[in-house]
$ cat query_18.cif   # mmCIF, C-alpha atoms
data_model
loop_
_atom_site.label_atom_id
_atom_site.label_comp_id
_atom_site.auth_asym_id
_atom_site.auth_seq_id
_atom_site.Cartn_x
_atom_site.Cartn_y
_atom_site.Cartn_z
CA MET Y 1 -24.39 25.24 -8.05
CA ASP Y 2 -25.60 25.90 -4.49
CA ARG Y 3 -23.03 23.44 -3.24
CA LEU Y 4 -20.28 25.37 -5.06
CA VAL Y 5 -21.41 28.62 -3.45
CA ASP Y 6 -21.18 26.99 -0.04
CA LEU Y 7 -17.69 25.75 -0.87
CA LEU Y 8 -16.30 29.07 -2.10
CA PRO Y 9 -14.26 29.67 1.09
CA GLU Y 10 -12.68 26.23 0.68
CA LEU Y 11 -12.05 26.94 -3.02
CA TRP Y 12 -10.19 30.18 -2.26
CA ALA Y 13 -8.23 28.47 0.51
CA ALA Y 14 -7.26 25.66 -1.88
CA THR Y 15 -6.23 28.26 -4.48
CA ALA Y 16 -4.02 29.98 -1.91
CA GLU Y 17 -2.49 26.61 -0.98
CA THR Y 18 -1.74 25.87 -4.63
CA LEU Y 19 -0.02 29.24 -5.09
CA TYR Y 20 1.96 28.69 -1.88
CA ILE Y 21 3.10 25.23 -2.98
CA VAL Y 22 4.03 26.42 -6.48
CA THR Y 23 5.93 29.48 -5.22
CA LEU Y 24 7.95 27.65 -2.57
CA SER Y 25 8.65 24.69 -4.85
CA LEU Y 26 9.84 27.06 -7.57
CA LEU Y 27 12.20 28.80 -5.16
CA LEU Y 28 13.68 25.57 -3.78
CA GLY Y 29 13.60 23.39 -6.87
CA GLY Y 30 14.41 26.30 -9.16
CA PHE Y 31 17.55 27.25 -7.28
CA ALA Y 32 18.75 23.65 -6.90
CA GLY Y 33 17.98 22.97 -10.56
CA LEU Y 34 19.87 26.10 -11.62
CA LEU Y 35 22.98 24.99 -9.73
CA LEU Y 36 22.70 21.46 -11.10
CA GLY Y 37 22.19 22.79 -14.62
CA LEU Y 38 25.23 25.04 -14.30
CA GLY Y 39 27.22 22.02 -13.13
CA LEU Y 40 26.09 19.98 -16.13
CA TYR Y 41 26.92 22.79 -18.53
CA ALA Y 42 30.29 23.67 -17.00
CA SER Y 43 31.60 20.10 -16.68
CA ARG Y 44 30.54 18.78 -20.08
CA PRO Y 45 33.40 18.08 -22.55
CA GLY Y 46 34.58 21.21 -24.31
CA SER Y 47 32.97 23.56 -21.80
CA LEU Y 48 34.52 25.96 -19.28
CA PHE Y 49 35.44 23.37 -16.65
CA PRO Y 50 35.44 20.07 -18.56
CA ASN Y 51 35.40 17.09 -16.23
CA ARG Y 52 34.18 13.85 -17.73
CA PRO Y 53 33.68 11.92 -14.42
CA VAL Y 54 31.72 14.80 -12.83
CA TYR Y 55 29.59 15.31 -15.93
CA GLY Y 56 28.97 11.59 -16.22
CA ALA Y 57 27.88 11.34 -12.57
CA LEU Y 58 25.56 14.36 -12.80
CA ASN Y 59 24.14 13.12 -16.08
CA VAL Y 60 23.37 9.68 -14.63
CA VAL Y 61 21.66 11.19 -11.57
CA VAL Y 62 19.48 13.51 -13.66
CA ASN Y 63 18.59 10.77 -16.15
CA PHE Y 64 17.73 8.44 -13.27
CA PHE Y 65 15.25 10.72 -11.52
CA ARG Y 66 13.81 12.78 -14.37
CA PRO Y 67 11.79 9.99 -16.08
CA ILE Y 68 10.08 8.83 -12.85
CA PRO Y 69 6.35 9.61 -13.11
CA PHE Y 70 5.45 12.15 -10.47
CA VAL Y 71 2.67 10.09 -8.92
CA ILE Y 72 5.19 7.27 -8.32
CA LEU Y 73 7.78 9.73 -7.00
CA LEU Y 74 5.21 10.92 -4.45
CA ALA Y 75 4.98 7.43 -3.00
CA ALA Y 76 8.74 6.88 -3.20
CA VAL Y 77 9.77 10.03 -1.31
CA GLN Y 78 7.07 9.86 1.36
CA PRO Y 79 9.20 7.74 3.76
CA ILE Y 80 12.13 10.11 3.19
CA ALA Y 81 9.97 13.10 4.02
CA ARG Y 82 8.76 11.48 7.24
CA SER Y 83 12.31 10.62 8.26
CA LEU Y 84 13.13 14.33 7.92
CA GLY Y 85 10.20 15.33 10.10
CA ILE Y 86 7.98 16.40 7.19
CA PRO Y 87 4.40 15.07 7.31
CA GLY Y 88 3.51 12.51 4.64
CA ILE Y 89 0.49 14.59 3.63
CA GLY Y 90 -0.34 18.27 3.34
CA PRO Y 91 1.28 21.26 1.59
CA GLU Y 92 4.68 20.75 3.25
CA PHE Y 93 4.96 17.28 1.76
CA ALA Y 94 3.81 18.61 -1.62
CA VAL Y 95 6.56 21.24 -1.55
CA PHE Y 96 9.16 18.59 -0.65
CA ALA Y 97 8.14 16.17 -3.41
CA ILE Y 98 7.61 18.81 -6.10
CA SER Y 99 10.93 20.49 -5.32
CA ILE Y 100 12.73 17.18 -5.87
CA ALA Y 101 10.87 16.45 -9.10
CA SER Y 102 11.29 19.95 -10.50
CA MET Y 103 14.98 20.17 -9.61
CA PHE Y 104 15.97 17.51 -12.13
CA ALA Y 105 13.65 18.79 -14.85
CA ILE Y 106 14.91 22.35 -14.38
CA SER Y 107 18.56 21.26 -14.46
CA ARG Y 108 18.14 19.84 -17.96
CA ILE Y 109 16.26 22.93 -19.15
CA VAL Y 110 18.99 25.17 -17.74
CA GLU Y 111 21.72 23.12 -19.40
CA GLN Y 112 19.98 23.19 -22.79
CA ASN Y 113 19.35 26.94 -22.63
CA LEU Y 114 22.91 27.73 -21.58
CA LEU Y 115 24.12 25.81 -24.62
CA THR Y 116 22.35 28.37 -26.84
CA VAL Y 117 25.02 30.97 -25.95
CA ARG Y 118 27.24 31.39 -29.01
CA PRO Y 119 30.83 30.19 -28.57
CA GLY Y 120 32.04 33.48 -30.06
CA VAL Y 121 30.63 35.40 -27.10
CA ILE Y 122 32.55 33.19 -24.68
CA GLU Y 123 35.74 33.42 -26.71
CA ALA Y 124 35.47 37.21 -26.82
CA ALA Y 125 35.04 37.33 -23.04
CA ARG Y 126 38.05 35.06 -22.52
CA ALA Y 127 40.11 37.24 -24.88
CA ALA Y 128 39.09 40.30 -22.86
CA GLY Y 129 40.51 38.69 -19.73
CA ALA Y 130 37.31 37.46 -18.05
CA SER Y 131 37.83 34.47 -15.79
CA ARG Y 132 36.00 31.21 -16.42
CA SER Y 133 34.03 31.62 -13.18
CA ARG Y 134 32.91 35.11 -14.17
CA ILE Y 135 31.82 33.87 -17.57
CA LEU Y 136 29.92 30.95 -16.04
CA PHE Y 137 28.07 32.82 -13.31
CA ARG Y 138 27.57 36.22 -14.94
CA LEU Y 139 28.00 36.30 -18.71
CA ILE Y 140 26.33 33.04 -19.73
CA PRO Y 141 23.19 33.41 -17.56
CA ARG Y 142 22.77 36.98 -18.80
CA GLU Y 143 23.16 35.96 -22.45
CA SER Y 144 20.66 33.11 -22.10
CA LEU Y 145 18.20 34.96 -19.84
CA GLY Y 146 15.37 35.11 -22.39
CA PRO Y 147 15.29 31.36 -23.08
CA LEU Y 148 15.75 30.70 -19.35
CA VAL Y 149 12.65 32.78 -18.56
CA LEU Y 150 10.65 30.75 -21.08
CA GLY Y 151 12.04 27.54 -19.62
CA TYR Y 152 11.11 28.52 -16.08
CA THR Y 153 7.67 29.58 -17.30
CA PHE Y 154 7.17 26.08 -18.66
CA ILE Y 155 8.29 24.65 -15.32
CA VAL Y 156 5.85 26.83 -13.34
CA VAL Y 157 2.99 25.48 -15.46
CA ALA Y 158 4.28 21.96 -14.79
CA LEU Y 159 4.40 22.72 -11.06
CA VAL Y 160 0.72 23.68 -11.12
CA ASP Y 161 0.01 20.31 -12.73
CA MET Y 162 2.08 18.57 -10.05
CA THR Y 163 0.12 20.23 -7.26
CA ALA Y 164 -3.07 18.83 -8.76
CA ILE Y 165 -1.56 15.34 -8.85
CA ALA Y 166 -0.30 15.72 -5.29
CA GLY Y 167 -3.90 16.33 -4.25
CA ALA Y 168 -4.50 12.62 -4.81
CA VAL Y 169 -2.42 11.89 -1.67
CA ALA Y 170 -4.04 14.60 0.44
CA ALA Y 171 -1.28 17.12 -0.20
CA GLY Y 172 -3.64 20.09 -0.30
CA GLY Y 173 -4.36 22.61 -3.03
CA LEU Y 174 -6.90 22.59 -5.82
CA GLY Y 175 -6.20 18.95 -6.63
CA GLU Y 176 -7.35 17.77 -3.22
CA PHE Y 177 -10.30 20.17 -3.35
CA ALA Y 178 -11.45 18.73 -6.69
CA ILE Y 179 -11.07 15.14 -5.49
CA VAL Y 180 -12.65 15.54 -2.03
CA TYR Y 181 -15.53 17.88 -2.86
CA GLY Y 182 -16.00 17.12 -6.54
CA PHE Y 183 -15.01 13.62 -7.57
CA LYS Y 184 -15.83 11.76 -4.34
CA GLN Y 185 -19.14 13.59 -3.91
CA PHE Y 186 -20.12 13.17 -7.58
CA ASN Y 187 -20.32 16.92 -8.09
CA PRO Y 188 -18.86 17.84 -11.51
CA VAL Y 189 -19.63 21.54 -10.99
CA VAL Y 190 -17.21 21.68 -8.07
CA THR Y 191 -14.60 19.73 -10.04
CA TRP Y 192 -14.88 22.08 -13.01
CA ALA Y 193 -14.63 25.11 -10.76
CA ALA Y 194 -11.22 23.86 -9.62
CA VAL Y 195 -10.26 23.15 -13.23
CA LEU Y 196 -11.19 26.69 -14.28
CA VAL Y 197 -9.15 28.23 -11.48
CA ILE Y 198 -6.14 26.13 -12.51
CA ILE Y 199 -6.61 27.27 -16.13
CA VAL Y 200 -6.69 30.91 -15.03
CA ILE Y 201 -3.47 30.47 -13.02
CA VAL Y 202 -1.70 28.74 -15.92
CA GLN Y 203 -2.81 31.37 -18.44
CA ALA Y 204 -1.64 34.18 -16.16
CA VAL Y 205 1.76 32.54 -15.64
CA GLN Y 206 2.19 31.90 -19.36
CA PHE Y 207 1.22 35.47 -20.27
CA ILE Y 208 3.63 36.99 -17.75
CA GLY Y 209 6.45 34.65 -18.76
CA ASN Y 210 6.01 35.31 -22.48
CA ALA Y 211 5.83 39.07 -21.95
CA LEU Y 212 8.95 39.08 -19.78
CA ALA Y 213 10.88 36.93 -22.26
CA ARG Y 214 9.90 39.19 -25.18
CA ARG Y 215 11.07 42.23 -23.27
CA ILE Y 216 14.42 40.61 -22.48
CA LEU Y 217 14.97 39.32 -26.04
CA ARG Y 218 14.33 42.79 -27.52
CA ARG Y 219 17.19 44.35 -25.60
#
$ encode --input "query_18.cif" --output "C-alpha cells"
Amino acid sequence: MDRLVDLLPELWAATAETLYIVTLSLLLGGFAGLLLGLGLYASRPGSLFPNRPVYGALNVVVNFFRPIPFVILLAAVQPIARSLGIPGIGPEFAVFAISIASMFAISRIVEQNLLTVRPGVIEAARAAGASRSRILFRLIPRESLGPLVLGYTFIVVALVDMTAIAGAVAAGGLGEFAIVYGFKQFNPVVTWAAVLVIIVIVQAVQFIGNALARRILRR
C-alpha cells in the first residue's frame, strides 16, 4: 500500500494519458468511421446512392481490417507510424493505432444503426422534395441518433480497453502503468489500482451514454 501511495502522481498522470488517448482516438477514428459508415450505408443496393462496386470495395476493406486482433494490429502499424514521423511508442502511437482500429469498428456500427431508420421516413422525405444528399447527411443521422449514441458509447468503452492493451508496447496510459509498476514489480495492489480506475472510467462513460440515449429516444 505504501508503494501505491508513492506512485499516486504516476497513477494520475497515467489516467490523464488514458483520457487523452481515448478522446483524441474517438475524435479521429469516430469521424473517419462515421464517413465510412455513411459510405457503406449510402452505396449498398437499394439505398440512396446504390453502387455495387463501391459498396463491395468498402465492404472488403472493412471486413479485412475489423477482425485483426488489436495487439497484432499494434505491431503491424508500427512501421507505418514511424514512416509518418510518429514514434513507435508513447501516447501518439497509441492514438494512431487505436484510431485505425476504431475506424473500421465504428463504420460497421454506424451502418447498422442507420439501417434502423424506417423506409417510410425516407420515402416521405423524398415525396416532400428533399434531396438524397440532404436525407443522407441530415435526416438519417437525426433519426438514428439514439442508437448511434449507444453505439459510440460501446466504442468508447472499447477504446479504454485498447489503451490498456497498448500499454504492453509502452504506449502510455493505465495499461503501461499497471504493467511497469504492478506486473513487473510483482505488486498486485498497484495493478488493481489501475484496474479500479479503468472501471470507474468505463462506468462513467456508460452512464453518460445511456442517459444521453434515453433523453434522445424520448423526444
$ resolve_selection --input "query_18.cif" --expression "the PyMOL selection byres ((chain Y and resi 179) around 12)" --output "PyMOL selection string"
chain Y and resi 14+164-178+180-188+190-195
$ residues_around --input "query_18.cif" --residues "region 142-144 of chain Y" --least-positions-apart "2" --cutoff "8 Å" --atoms "only C-alpha atoms" --output "tab-separated table (two decimals) with C-alpha atoms, in the coordinates of the input"
chain	number	residue	atom	x	y	z
Y	113	ASN	CA	19.35	26.94	-22.63
Y	114	LEU	CA	22.91	27.73	-21.58
Y	116	THR	CA	22.35	28.37	-26.84
Y	117	VAL	CA	25.02	30.97	-25.95
Y	138	ARG	CA	27.57	36.22	-14.94
Y	139	LEU	CA	28.00	36.30	-18.71
Y	140	ILE	CA	26.33	33.04	-19.73
Y	146	GLY	CA	15.37	35.11	-22.39
Y	147	PRO	CA	15.29	31.36	-23.08
Y	148	LEU	CA	15.75	30.70	-19.35
$ residues_near_point --input "query_18.cif" --point "(-0.7, 29.6, -2.3)" --cutoff "12 Å" --atoms "all atoms listed in the file" --output "PDB file with C-alpha atoms, in the frame of the given file"
ATOM      1  CA  LEU Y  11     -12.050  26.940  -3.020  1.00  0.00           C
ATOM      2  CA  TRP Y  12     -10.190  30.180  -2.260  1.00  0.00           C
ATOM      3  CA  ALA Y  13      -8.230  28.470   0.510  1.00  0.00           C
ATOM      4  CA  ALA Y  14      -7.260  25.660  -1.880  1.00  0.00           C
ATOM      5  CA  THR Y  15      -6.230  28.260  -4.480  1.00  0.00           C
ATOM      6  CA  ALA Y  16      -4.020  29.980  -1.910  1.00  0.00           C
ATOM      7  CA  GLU Y  17      -2.490  26.610  -0.980  1.00  0.00           C
ATOM      8  CA  THR Y  18      -1.740  25.870  -4.630  1.00  0.00           C
ATOM      9  CA  LEU Y  19      -0.020  29.240  -5.090  1.00  0.00           C
ATOM     10  CA  TYR Y  20       1.960  28.690  -1.880  1.00  0.00           C
ATOM     11  CA  ILE Y  21       3.100  25.230  -2.980  1.00  0.00           C
ATOM     12  CA  VAL Y  22       4.030  26.420  -6.480  1.00  0.00           C
ATOM     13  CA  THR Y  23       5.930  29.480  -5.220  1.00  0.00           C
ATOM     14  CA  LEU Y  24       7.950  27.650  -2.570  1.00  0.00           C
ATOM     15  CA  SER Y  25       8.650  24.690  -4.850  1.00  0.00           C
ATOM     16  CA  PRO Y  91       1.280  21.260   1.590  1.00  0.00           C
ATOM     17  CA  GLU Y  92       4.680  20.750   3.250  1.00  0.00           C
ATOM     18  CA  ALA Y  94       3.810  18.610  -1.620  1.00  0.00           C
ATOM     19  CA  VAL Y  95       6.560  21.240  -1.550  1.00  0.00           C
ATOM     20  CA  VAL Y 160       0.720  23.680 -11.120  1.00  0.00           C
ATOM     21  CA  THR Y 163       0.120  20.230  -7.260  1.00  0.00           C
ATOM     22  CA  GLY Y 172      -3.640  20.090  -0.300  1.00  0.00           C
ATOM     23  CA  GLY Y 173      -4.360  22.610  -3.030  1.00  0.00           C
ATOM     24  CA  LEU Y 174      -6.900  22.590  -5.820  1.00  0.00           C
ATOM     25  CA  ILE Y 201      -3.470  30.470 -13.020  1.00  0.00           C
TER      26      ILE Y 201
END
$ atom_distance --input "query_18.cif" --atom1 "CA of Thr153 (chain Y)" --atom2 "CA of Asn210 (chain Y)"
7.9 Å
$ closest_residue --input "query_18.cif" --among "Y:Tyr152, Y:Gln206, Y:Ile89, Y:Phe70" --to "Phe31 (chain Y)" --atoms "all atoms listed in the file"
Y:Tyr152
$ closest_residue --input "query_18.cif" --among "Y:Leu35, Y:Ala158, Y:Leu48, Y:Leu28" --to "Leu136 (chain Y)" --atoms "only C-alpha atoms"
Y:Leu48
$ closest_residue --input "query_18.cif" --among "Y:Ile208, Y:Ile72, Y:Ile86, Y:Leu115" --to "Pro141 (chain Y)" --atoms "all atoms listed in the file"
Y:Leu115
$ closest_residue --input "query_18.cif" --among "Y:Leu27, Y:Tyr41, Y:Arg108, Y:Pro79" --to "Val61 (chain Y)" --atoms "all atoms listed in the file"
Y:Arg108
$ resolve_selection --input "query_18.cif" --expression "the PyMOL selection byres ((chain Y and resi 77) around 12)" --output "number ranges by chain"
Y: 65, 68, 70-76, 78-84, 86-89, 93-101
$ write_last_selection --input "query_18.cif" --atoms "C-alpha atoms" --output "compact mmCIF listing (two decimals), in the frame of the given file"
# COMPACT_ATOMS: atom_id res chain seq x y z
CA PHE Y 65 15.25 10.72 -11.52
CA ILE Y 68 10.08 8.83 -12.85
CA PHE Y 70 5.45 12.15 -10.47
CA VAL Y 71 2.67 10.09 -8.92
CA ILE Y 72 5.19 7.27 -8.32
CA LEU Y 73 7.78 9.73 -7.00
CA LEU Y 74 5.21 10.92 -4.45
CA ALA Y 75 4.98 7.43 -3.00
CA ALA Y 76 8.74 6.88 -3.20
CA GLN Y 78 7.07 9.86 1.36
CA PRO Y 79 9.20 7.74 3.76
CA ILE Y 80 12.13 10.11 3.19
CA ALA Y 81 9.97 13.10 4.02
CA ARG Y 82 8.76 11.48 7.24
CA SER Y 83 12.31 10.62 8.26
CA LEU Y 84 13.13 14.33 7.92
CA ILE Y 86 7.98 16.40 7.19
CA PRO Y 87 4.40 15.07 7.31
CA GLY Y 88 3.51 12.51 4.64
CA ILE Y 89 0.49 14.59 3.63
CA PHE Y 93 4.96 17.28 1.76
CA ALA Y 94 3.81 18.61 -1.62
CA VAL Y 95 6.56 21.24 -1.55
CA PHE Y 96 9.16 18.59 -0.65
CA ALA Y 97 8.14 16.17 -3.41
CA ILE Y 98 7.61 18.81 -6.10
CA SER Y 99 10.93 20.49 -5.32
CA ILE Y 100 12.73 17.18 -5.87
CA ALA Y 101 10.87 16.45 -9.10
$ residues_near_point --input "query_18.cif" --point "(24.9, 24.3, -14.7)" --cutoff "10 Å" --atoms "only C-alpha atoms" --output "mmCIF file with C-alpha atoms, keeping the file's coordinate frame"
data_model
loop_
_atom_site.group_PDB
_atom_site.id
_atom_site.type_symbol
_atom_site.label_atom_id
_atom_site.label_comp_id
_atom_site.auth_asym_id
_atom_site.auth_seq_id
_atom_site.Cartn_x
_atom_site.Cartn_y
_atom_site.Cartn_z
ATOM 1 C CA ALA Y 32 18.750 23.650 -6.900
ATOM 2 C CA GLY Y 33 17.980 22.970 -10.560
ATOM 3 C CA LEU Y 34 19.870 26.100 -11.620
ATOM 4 C CA LEU Y 35 22.980 24.990 -9.730
ATOM 5 C CA LEU Y 36 22.700 21.460 -11.100
ATOM 6 C CA GLY Y 37 22.190 22.790 -14.620
ATOM 7 C CA LEU Y 38 25.230 25.040 -14.300
ATOM 8 C CA GLY Y 39 27.220 22.020 -13.130
ATOM 9 C CA LEU Y 40 26.090 19.980 -16.130
ATOM 10 C CA TYR Y 41 26.920 22.790 -18.530
ATOM 11 C CA ALA Y 42 30.290 23.670 -17.000
ATOM 12 C CA SER Y 43 31.600 20.100 -16.680
ATOM 13 C CA ARG Y 44 30.540 18.780 -20.080
ATOM 14 C CA SER Y 107 18.560 21.260 -14.460
ATOM 15 C CA ARG Y 108 18.140 19.840 -17.960
ATOM 16 C CA ILE Y 109 16.260 22.930 -19.150
ATOM 17 C CA VAL Y 110 18.990 25.170 -17.740
ATOM 18 C CA GLU Y 111 21.720 23.120 -19.400
ATOM 19 C CA GLN Y 112 19.980 23.190 -22.790
ATOM 20 C CA LEU Y 114 22.910 27.730 -21.580
ATOM 21 C CA LEU Y 136 29.920 30.950 -16.040
ATOM 22 C CA PHE Y 137 28.070 32.820 -13.310
ATOM 23 C CA PRO Y 141 23.190 33.410 -17.560
#
$ closest_residue --input "query_18.cif" --among "Y:Leu217, Y:Asp161, Y:Arg132, Y:Leu26" --to "Ile198 (chain Y)" --atoms "only C-alpha atoms"
Y:Asp161
$ closest_residue --input "query_18.cif" --among "Y:Val156, Y:Val149, Y:Val5, Y:Val205" --to "Met103 (chain Y)" --atoms "only C-alpha atoms"
Y:Val156
